[in-house]
$ cat coords.pdb   # PDB, C-alpha atoms, pLDDT in the B column
ATOM      1  CA  MET A   1      14.787 -73.246 -32.021  1.00 54.00           C
ATOM      2  CA  PHE A   2      14.931 -74.154 -28.363  1.00 59.00           C
ATOM      3  CA  TYR A   3      18.376 -72.561 -28.114  1.00 60.00           C
ATOM      4  CA  ILE A   4      17.083 -69.206 -29.522  1.00 63.00           C
ATOM      5  CA  LYS A   5      14.239 -69.114 -26.980  1.00 63.00           C
ATOM      6  CA  ILE A   6      16.705 -69.566 -24.111  1.00 63.00           C
ATOM      7  CA  ILE A   7      18.864 -66.664 -25.385  1.00 63.00           C
ATOM      8  CA  ILE A   8      15.823 -64.364 -25.659  1.00 62.00           C
ATOM      9  CA  ILE A   9      14.652 -65.297 -22.156  1.00 61.00           C
ATOM     10  CA  LYS A  10      18.162 -64.670 -20.735  1.00 61.00           C
ATOM     11  CA  LYS A  11      18.269 -61.225 -22.365  1.00 61.00           C
ATOM     12  CA  MET A  12      14.853 -60.361 -20.927  1.00 57.00           C
ATOM     13  CA  ILE A  13      15.863 -61.513 -17.449  1.00 58.00           C
ATOM     14  CA  SER A  14      19.171 -59.647 -17.491  1.00 57.00           C
ATOM     15  CA  LYS A  15      17.466 -56.298 -18.298  1.00 60.00           C
ATOM     16  CA  LYS A  16      16.441 -55.096 -14.801  1.00 68.00           C
ATOM     17  CA  GLY A  17      16.391 -51.264 -15.056  1.00 75.00           C
ATOM     18  CA  PHE A  18      15.519 -48.377 -17.268  1.00 81.00           C
ATOM     19  CA  THR A  19      17.869 -46.750 -19.701  1.00 86.00           C
ATOM     20  CA  LEU A  20      19.106 -43.220 -19.107  1.00 88.00           C
ATOM     21  CA  ILE A  21      17.037 -41.943 -22.028  1.00 91.00           C
ATOM     22  CA  GLU A  22      13.851 -43.447 -20.606  1.00 88.00           C
ATOM     23  CA  LEU A  23      14.490 -41.816 -17.226  1.00 89.00           C
ATOM     24  CA  LEU A  24      15.219 -38.432 -18.785  1.00 92.00           C
ATOM     25  CA  VAL A  25      12.023 -38.563 -20.838  1.00 92.00           C
ATOM     26  CA  VAL A  26       9.965 -39.316 -17.728  1.00 92.00           C
ATOM     27  CA  ILE A  27      11.638 -36.489 -15.798  1.00 93.00           C
ATOM     28  CA  ALA A  28      10.986 -34.060 -18.671  1.00 93.00           C
ATOM     29  CA  ILE A  29       7.303 -35.016 -18.786  1.00 93.00           C
ATOM     30  CA  ILE A  30       6.957 -34.533 -15.019  1.00 93.00           C
ATOM     31  CA  GLY A  31       8.670 -31.133 -15.316  1.00 91.00           C
ATOM     32  CA  VAL A  32       6.282 -29.944 -18.022  1.00 91.00           C
ATOM     33  CA  LEU A  33       3.211 -31.118 -16.093  1.00 90.00           C
ATOM     34  CA  SER A  34       4.384 -29.486 -12.858  1.00 89.00           C
ATOM     35  CA  SER A  35       4.913 -26.159 -14.644  1.00 86.00           C
ATOM     36  CA  PHE A  36       1.251 -26.237 -15.749  1.00 85.00           C
ATOM     37  CA  VAL A  37       0.119 -26.927 -12.197  1.00 84.00           C
ATOM     38  CA  LEU A  38       2.264 -24.142 -10.723  1.00 82.00           C
ATOM     39  CA  ALA A  39       0.960 -21.635 -13.275  1.00 80.00           C
ATOM     40  CA  SER A  40      -2.612 -22.573 -12.358  1.00 79.00           C
ATOM     41  CA  LEU A  41      -1.871 -22.194  -8.650  1.00 79.00           C
ATOM     42  CA  SER A  42      -0.420 -18.725  -9.215  1.00 77.00           C
ATOM     43  CA  THR A  43      -3.539 -17.630 -11.097  1.00 77.00           C
ATOM     44  CA  ALA A  44      -5.780 -19.067  -8.388  1.00 79.00           C
ATOM     45  CA  ARG A  45      -3.796 -17.286  -5.678  1.00 79.00           C
ATOM     46  CA  SER A  46      -4.128 -13.875  -7.365  1.00 79.00           C
ATOM     47  CA  ARG A  47      -7.850 -14.408  -7.978  1.00 81.00           C
ATOM     48  CA  GLY A  48      -8.199 -15.347  -4.323  1.00 83.00           C
ATOM     49  CA  ALA A  49      -6.538 -12.091  -3.269  1.00 83.00           C
ATOM     50  CA  SER A  50      -8.929 -10.100  -5.488  1.00 86.00           C
ATOM     51  CA  THR A  51     -11.860 -11.973  -3.968  1.00 87.00           C
ATOM     52  CA  ALA A  52     -10.557 -11.164  -0.482  1.00 87.00           C
ATOM     53  CA  VAL A  53     -10.574  -7.447  -1.355  1.00 88.00           C
ATOM     54  CA  LYS A  54     -14.160  -7.697  -2.642  1.00 89.00           C
ATOM     55  CA  THR A  55     -15.332  -9.690   0.375  1.00 90.00           C
ATOM     56  CA  ASN A  56     -13.793  -7.348   2.930  1.00 89.00           C
ATOM     57  CA  LEU A  57     -15.126  -4.227   1.241  1.00 88.00           C
ATOM     58  CA  SER A  58     -18.598  -5.758   0.902  1.00 88.00           C
ATOM     59  CA  GLY A  59     -18.491  -6.630   4.597  1.00 90.00           C
ATOM     60  CA  ILE A  60     -17.874  -2.967   5.363  1.00 89.00           C
ATOM     61  CA  ARG A  61     -21.324  -2.116   3.993  1.00 88.00           C
ATOM     62  CA  ALA A  62     -23.028  -4.521   6.404  1.00 88.00           C
ATOM     63  CA  ASN A  63     -21.054  -3.206   9.379  1.00 88.00           C
ATOM     64  CA  ALA A  64     -21.708   0.407   8.352  1.00 88.00           C
ATOM     65  CA  GLU A  65     -25.448  -0.227   8.208  1.00 89.00           C
ATOM     66  CA  ILE A  66     -25.367  -1.805  11.665  1.00 88.00           C
ATOM     67  CA  GLN A  67     -23.516   1.248  12.945  1.00 84.00           C
ATOM     68  CA  TYR A  68     -25.968   3.567  11.152  1.00 85.00           C
ATOM     69  CA  ILE A  69     -28.912   1.941  12.926  1.00 86.00           C
ATOM     70  CA  THR A  70     -27.106   1.782  16.282  1.00 83.00           C
ATOM     71  CA  VAL A  71     -26.039   5.446  16.239  1.00 80.00           C
ATOM     72  CA  GLY A  72     -29.396   6.666  15.007  1.00 78.00           C
ATOM     73  CA  GLY A  73     -29.132   7.755  11.419  1.00 80.00           C
ATOM     74  CA  CYS A  74     -25.559   8.606  10.513  1.00 82.00           C
ATOM     75  CA  TYR A  75     -22.248   6.920   9.756  1.00 83.00           C
ATOM     76  CA  THR A  76     -19.946   7.700  12.686  1.00 78.00           C
ATOM     77  CA  ASP A  77     -18.202   5.897  15.505  1.00 71.00           C
ATOM     78  CA  THR A  78     -18.874   8.544  18.164  1.00 69.00           C
ATOM     79  CA  GLY A  79     -22.668   8.660  18.257  1.00 68.00           C
ATOM     80  CA  ALA A  80     -22.864  12.426  17.706  1.00 72.00           C
ATOM     81  CA  CYS A  81     -24.381  13.496  14.378  1.00 78.00           C
ATOM     82  CA  ASN A  82     -25.476  16.860  13.059  1.00 79.00           C
ATOM     83  CA  ALA A  83     -24.852  18.881   9.902  1.00 77.00           C
ATOM     84  CA  THR A  84     -21.122  19.152  10.596  1.00 77.00           C
ATOM     85  CA  THR A  85     -20.377  16.245  12.927  1.00 77.00           C
ATOM     86  CA  PRO A  86     -18.693  14.046  12.017  1.00 81.00           C
ATOM     87  CA  ALA A  87     -16.579  16.212   9.766  1.00 81.00           C
ATOM     88  CA  ALA A  88     -16.216  15.240   6.138  1.00 82.00           C
ATOM     89  CA  PHE A  89     -13.330  12.920   5.367  1.00 83.00           C
ATOM     90  CA  THR A  90     -11.892  14.041   2.044  1.00 83.00           C
ATOM     91  CA  ALA A  91     -10.878  11.221  -0.280  1.00 83.00           C
ATOM     92  CA  ALA A  92      -7.511   9.941   0.920  1.00 83.00           C
ATOM     93  CA  ALA A  93      -5.823   6.833   2.257  1.00 85.00           C
ATOM     94  CA  CYS A  94      -8.118   5.234   4.823  1.00 83.00           C
ATOM     95  CA  PRO A  95      -7.496   6.395   8.415  1.00 79.00           C
ATOM     96  CA  VAL A  96      -6.245   3.858  10.914  1.00 68.00           C
ATOM     97  CA  THR A  97      -6.410   5.812  14.179  1.00 62.00           C
ATOM     98  CA  GLY A  98      -8.604   8.347  15.959  1.00 58.00           C
ATOM     99  CA  THR A  99     -12.367   8.742  16.119  1.00 61.00           C
ATOM    100  CA  GLY A 100     -15.092  10.659  14.387  1.00 72.00           C
ATOM    101  CA  ASN A 101     -15.897   8.833  11.179  1.00 79.00           C
ATOM    102  CA  ILE A 102     -17.194   5.471  10.055  1.00 84.00           C
ATOM    103  CA  PHE A 103     -13.775   4.196   8.943  1.00 83.00           C
ATOM    104  CA  ARG A 104     -12.454   4.175  12.490  1.00 79.00           C
ATOM    105  CA  PHE A 105     -15.246   1.918  13.768  1.00 81.00           C
ATOM    106  CA  ALA A 106     -13.372  -1.187  14.966  1.00 83.00           C
ATOM    107  CA  SER A 107     -14.885  -3.849  12.694  1.00 85.00           C
ATOM    108  CA  ILE A 108     -14.762  -1.563   9.640  1.00 87.00           C
ATOM    109  CA  ALA A 109     -11.147  -0.594  10.316  1.00 87.00           C
ATOM    110  CA  THR A 110     -10.296  -4.300  10.564  1.00 88.00           C
ATOM    111  CA  GLN A 111     -11.922  -5.024   7.201  1.00 90.00           C
ATOM    112  CA  ILE A 112     -10.183  -2.078   5.552  1.00 88.00           C
ATOM    113  CA  ALA A 113      -6.852  -3.328   6.906  1.00 88.00           C
ATOM    114  CA  ALA A 114      -7.588  -6.842   5.596  1.00 88.00           C
ATOM    115  CA  ALA A 115      -8.510  -5.476   2.144  1.00 88.00           C
ATOM    116  CA  ASP A 116      -5.335  -3.391   2.165  1.00 86.00           C
ATOM    117  CA  LEU A 117      -3.292  -6.472   3.045  1.00 86.00           C
ATOM    118  CA  ALA A 118      -4.936  -8.629   0.361  1.00 86.00           C
ATOM    119  CA  GLY A 119      -4.680  -5.963  -2.324  1.00 83.00           C
ATOM    120  CA  GLY A 120      -2.815  -2.751  -2.895  1.00 82.00           C
ATOM    121  CA  PHE A 121      -3.845   0.747  -1.863  1.00 88.00           C
ATOM    122  CA  THR A 122      -7.185   1.658  -0.260  1.00 88.00           C
ATOM    123  CA  ALA A 123      -8.943   5.026  -0.169  1.00 90.00           C
ATOM    124  CA  CYS A 124     -11.933   6.306   1.806  1.00 89.00           C
ATOM    125  CA  THR A 125     -14.240   9.307   1.784  1.00 88.00           C
ATOM    126  CA  SER A 126     -17.251  10.413   3.812  1.00 87.00           C
ATOM    127  CA  THR A 127     -19.534  13.440   3.883  1.00 87.00           C
ATOM    128  CA  ALA A 128     -20.039  15.989   6.658  1.00 84.00           C
ATOM    129  CA  GLY A 129     -22.717  14.862   9.057  1.00 84.00           C
ATOM    130  CA  GLY A 130     -21.952  11.212   8.332  1.00 84.00           C
ATOM    131  CA  THR A 131     -24.595  10.882   5.636  1.00 87.00           C
ATOM    132  CA  ALA A 132     -22.539   8.952   3.059  1.00 89.00           C
ATOM    133  CA  TRP A 133     -19.276   7.041   2.687  1.00 90.00           C
ATOM    134  CA  ALA A 134     -17.259   5.139   0.078  1.00 91.00           C
ATOM    135  CA  VAL A 135     -14.230   2.829   0.102  1.00 92.00           C
ATOM    136  CA  VAL A 136     -12.114   1.595  -2.805  1.00 92.00           C
ATOM    137  CA  GLY A 137      -9.517  -1.183  -2.639  1.00 90.00           C
ATOM    138  CA  GLN A 138      -6.971  -1.979  -5.321  1.00 89.00           C
ATOM    139  CA  TYR A 139      -6.345  -5.525  -6.556  1.00 89.00           C
ATOM    140  CA  ARG A 140      -2.881  -6.964  -6.174  1.00 84.00           C
ATOM    141  CA  SER A 141      -3.255  -9.145  -9.281  1.00 82.00           C
ATOM    142  CA  ASP A 142      -4.024  -6.173 -11.561  1.00 84.00           C
ATOM    143  CA  ILE A 143      -3.070  -2.759 -10.190  1.00 84.00           C
ATOM    144  CA  THR A 144      -5.143  -1.031 -12.865  1.00 87.00           C
ATOM    145  CA  LYS A 145      -8.348  -2.454 -11.298  1.00 89.00           C
ATOM    146  CA  ALA A 146     -10.003  -1.850  -7.937  1.00 90.00           C
ATOM    147  CA  TRP A 147     -13.279  -2.629  -6.138  1.00 91.00           C
ATOM    148  CA  CYS A 148     -15.443   0.215  -4.853  1.00 93.00           C
ATOM    149  CA  VAL A 149     -18.371   0.112  -2.398  1.00 93.00           C
ATOM    150  CA  ASP A 150     -20.403   2.972  -0.985  1.00 92.00           C
ATOM    151  CA  SER A 151     -23.353   3.737   1.252  1.00 91.00           C
ATOM    152  CA  THR A 152     -25.790   3.902  -1.675  1.00 90.00           C
ATOM    153  CA  GLY A 153     -25.355   0.167  -2.255  1.00 89.00           C
ATOM    154  CA  LYS A 154     -22.907   0.375  -5.136  1.00 89.00           C
ATOM    155  CA  SER A 155     -20.415  -2.428  -5.353  1.00 90.00           C
ATOM    156  CA  LYS A 156     -18.445  -2.352  -8.579  1.00 91.00           C
ATOM    157  CA  GLU A 157     -15.117  -2.835 -10.257  1.00 91.00           C
ATOM    158  CA  VAL A 158     -13.407   0.372 -11.317  1.00 90.00           C
ATOM    159  CA  THR A 159     -10.427   1.077 -13.540  1.00 88.00           C
ATOM    160  CA  VAL A 160      -7.656   2.911 -11.724  1.00 86.00           C
ATOM    161  CA  GLY A 161      -6.380   6.003 -13.543  1.00 73.00           C
ATOM    162  CA  THR A 162      -2.971   4.882 -14.791  1.00 66.00           C
ATOM    163  CA  ALA A 163      -0.817   1.818 -15.145  1.00 62.00           C
ATOM    164  CA  ALA A 164       1.247   3.087 -12.203  1.00 66.00           C
ATOM    165  CA  GLY A 165      -1.731   2.392  -9.919  1.00 62.00           C
ATOM    166  CA  GLY A 166      -0.484   4.476  -6.986  1.00 81.00           C
ATOM    167  CA  GLN A 167      -2.371   5.892  -3.999  1.00 85.00           C
ATOM    168  CA  ALA A 168      -3.434   9.017  -5.937  1.00 86.00           C
ATOM    169  CA  ASP A 169      -4.916   6.878  -8.726  1.00 86.00           C
ATOM    170  CA  VAL A 170      -6.900   4.798  -6.247  1.00 87.00           C
ATOM    171  CA  THR A 171      -8.027   7.875  -4.284  1.00 87.00           C
ATOM    172  CA  ALA A 172      -9.400   9.439  -7.476  1.00 87.00           C
ATOM    173  CA  GLU A 173     -12.033   6.669  -7.640  1.00 88.00           C
ATOM    174  CA  VAL A 174     -13.981   7.955  -4.611  1.00 88.00           C
ATOM    175  CA  ALA A 175     -15.336  11.447  -3.885  1.00 88.00           C
ATOM    176  CA  ALA A 176     -17.976  13.008  -1.645  1.00 86.00           C
ATOM    177  CA  GLY A 177     -18.981   9.717  -0.041  1.00 88.00           C
ATOM    178  CA  ALA A 178     -19.539   7.822  -3.306  1.00 89.00           C
ATOM    179  CA  CYS A 179     -17.800   5.746  -5.937  1.00 90.00           C
ATOM    180  CA  VAL A 180     -16.890   7.902  -8.919  1.00 87.00           C
ATOM    181  CA  GLU A 181     -18.920   7.128 -12.040  1.00 78.00           C
TER     182      GLU A 181
END

$ encode --input "coords.pdb" --output "structure tokens"
Amino acid sequence: MFYIKIIIIKKMISKKGFTLIELLVVIAIIGVLSSFVLASLSTARSRGASTAVKTNLSGIRANAEIQYITVGGCYTDTGACNATTPAAFTAAACPVTGTGNIFRFASIATQIAAADLAGGFTACTSTAGGTAWAVVGQYRSDITKAWCVDSTGKSKEVTVGTAAGGQADVTAEVAAGACVE
């Protein structure tokens, strides 16, 4: 009996590492768990980009209202407003240079650029006389969705026309200084 206990103890002492099978099982488990984590991070990243689009476009409204009050009752960056000035900006890709409409106001242009960087295409429109404006920004995570804000206070998700989700599809979501219903 004493002899058998010594043999068992010697076998236990001589086993100092893990077998190859045990190591492979542990590596496989770690691989599966890391794939779940990476998938979650990817989803979080795309949701973060969509939130960045929403945040930047919502910030445009606040800056536009400040400009409206500062200028004296219209949405422009020049300070001159009448029935035709500033000229209407037909729905198109947002302008990045020049003067004459609300989208070229420095802080608004910066937020449009940030929304464009975080998402896909952006489009803008404003009315003659600077009485209304609208901006739409496409999500990067789902190019068939976009976020639209306008001077009436609307802030909503819109469905872009086609699965292609190009500039024309995004532009179609704004017209005459408002988000399209």

$ axis_aligned_box --input "coords.pdb" --around "region 44-57 of chain A" --padding-each-side "8 Å" --output "JSON"
{"center_x": -9.6, "center_y": -11.6, "center_z": -2.7, "size_x": 27.5, "size_y": 30.8, "size_z": 27.3}

$ closest_residue --input "coords.pdb" --among "A:Ser40, A:Thr144, A:Gln138, A:Thr51" --to "Gly161 (chain A)" --atoms "only C-alpha atoms"
A:Thr144

$ atom_distance --input "coords.pdb" --atom1 "CA of Arg104 (chain A)" --atom2 "CA of Glu181 (chain A)"
25.5 Å

$ residues_around --input "coords.pdb" --residues "region 63-65 of chain A" --least-positions-apart "4" --cutoff "9 Å" --atoms "all atoms listed in the file" --output "ChimeraX atom specification"
/A:59,69-70,75-76,102-103,105,107-108,151

$ resolve_selection --input "coords.pdb" --expression "the PyMOL selection byres ((chain A and resi 84-88) around 6)" --output "JSON, numbers by chain"
{"A": [81, 82, 83, 89, 100, 101, 126, 127, 128, 129, 130]}

$ write_last_selection --input "coords.pdb" --atoms "C-alpha atoms" --output "PDB file, in the frame of the given file"
ATOM      1  CA  CYS A  81     -24.381  13.496  14.378  1.00 78.00           C
ATOM      2  CA  ASN A  82     -25.476  16.860  13.059  1.00 79.00           C
ATOM      3  CA  ALA A  83     -24.852  18.881   9.902  1.00 77.00           C
ATOM      4  CA  PHE A  89     -13.330  12.920   5.367  1.00 83.00           C
ATOM      5  CA  GLY A 100     -15.092  10.659  14.387  1.00 72.00           C
ATOM      6  CA  ASN A 101     -15.897   8.833  11.179  1.00 79.00           C
ATOM      7  CA  SER A 126     -17.251  10.413   3.812  1.00 87.00           C
ATOM      8  CA  THR A 127     -19.534  13.440   3.883  1.00 87.00           C
ATOM      9  CA  ALA A 128     -20.039  15.989   6.658  1.00 84.00           C
ATOM     10  CA  GLY A 129     -22.717  14.862   9.057  1.00 84.00           C
ATOM     11  CA  GLY A 130     -21.952  11.212   8.332  1.00 84.00           C
TER      12      GLY A 130
END

$ closest_residue --input "coords.pdb" --among "A:Thr122, A:Ser58, A:Thr90, A:Thr43" --to "Ile143 (chain A)" --atoms "all atoms listed in the file"
A:Thr122

$ closest_residue --input "coords.pdb" --among "A:Thr110, A:Thr171, A:Ser42, A:Thr55" --to "Ser155 (chain A)" --atoms "only C-alpha atoms"
A:Thr55

$ closest_residue --input "coords.pdb" --among "A:Cys179, A:Ile112, A:Ala39, A:Ile66" --to "Trp133 (chain A)" --atoms "only C-alpha atoms"
A:Cys179

$ atom_distance --input "coords.pdb" --atom1 "CA of Asp142 (chain A)" --atom2 "CA of Ala52 (chain A)"
13.8 Å

$ build_atoms --input "coords.pdb" --residues "region 55-77 of chain A" --atoms "N, CA and C atoms" --output "compact mmCIF listing (two decimals), in the coordinates of the input"
# COMPACT_ATOMS: atom_id res chain seq x y z
N THR A 55 -14.61 -9.20 -0.80
CA THR A 55 -15.33 -9.69 0.38
C THR A 55 -15.21 -8.73 1.55
N ASN A 56 -13.99 -8.27 1.81
CA ASN A 56 -13.79 -7.35 2.93
C ASN A 56 -14.51 -6.02 2.71
N LEU A 57 -14.45 -5.50 1.51
CA LEU A 57 -15.13 -4.23 1.24
C LEU A 57 -16.65 -4.40 1.28
N SER A 58 -17.15 -5.52 0.82
CA SER A 58 -18.60 -5.76 0.90
C SER A 58 -19.05 -5.93 2.35
N GLY A 59 -18.18 -6.50 3.17
CA GLY A 59 -18.49 -6.63 4.60
C GLY A 59 -18.56 -5.28 5.30
N ILE A 60 -17.83 -4.30 4.78
CA ILE A 60 -17.87 -2.97 5.36
C ILE A 60 -19.29 -2.41 5.28
N ARG A 61 -19.96 -2.64 4.16
CA ARG A 61 -21.32 -2.12 3.99
C ARG A 61 -22.24 -2.64 5.10
N ALA A 62 -22.17 -3.94 5.36
CA ALA A 62 -23.03 -4.52 6.40
C ALA A 62 -22.71 -3.92 7.78
N ASN A 63 -21.43 -3.79 8.09
CA ASN A 63 -21.05 -3.21 9.38
C ASN A 63 -21.44 -1.73 9.47
N ALA A 64 -21.33 -1.01 8.36
CA ALA A 64 -21.71 0.41 8.35
C ALA A 64 -23.21 0.57 8.59
N GLU A 65 -24.00 -0.32 8.01
CA GLU A 65 -25.45 -0.23 8.21
C GLU A 65 -25.83 -0.55 9.65
N ILE A 66 -25.13 -1.51 10.24
CA ILE A 66 -25.37 -1.80 11.66
C ILE A 66 -25.04 -0.58 12.51
N GLN A 67 -23.92 0.05 12.21
CA GLN A 67 -23.52 1.25 12.94
C GLN A 67 -24.51 2.40 12.71
N TYR A 68 -24.99 2.53 11.50
CA TYR A 68 -25.97 3.57 11.15
C TYR A 68 -27.23 3.43 12.00
N ILE A 69 -27.71 2.20 12.13
CA ILE A 69 -28.91 1.94 12.93
C ILE A 69 -28.62 2.15 14.41
N THR A 70 -27.47 1.67 14.87
CA THR A 70 -27.11 1.78 16.28
C THR A 70 -26.96 3.24 16.71
N VAL A 71 -26.29 4.05 15.90
CA VAL A 71 -26.04 5.45 16.24
C VAL A 71 -27.30 6.28 16.10
N GLY A 72 -28.15 5.93 15.17
CA GLY A 72 -29.40 6.67 15.01
C GLY A 72 -29.45 7.55 13.78
N GLY A 73 -28.94 7.04 12.67
CA GLY A 73 -29.13 7.76 11.42
C GLY A 73 -27.94 8.45 10.82
N CYS A 74 -26.73 8.07 11.19
CA CYS A 74 -25.56 8.61 10.51
C CYS A 74 -24.40 7.61 10.63
N TYR A 75 -23.42 7.80 9.78
CA TYR A 75 -22.25 6.92 9.76
C TYR A 75 -21.12 7.56 10.55
N THR A 76 -21.01 7.20 11.82
CA THR A 76 -19.95 7.70 12.69
C THR A 76 -19.64 6.64 13.73
N ASP A 77 -18.52 6.82 14.42
CA ASP A 77 -18.20 5.90 15.50
C ASP A 77 -18.34 6.57 16.87
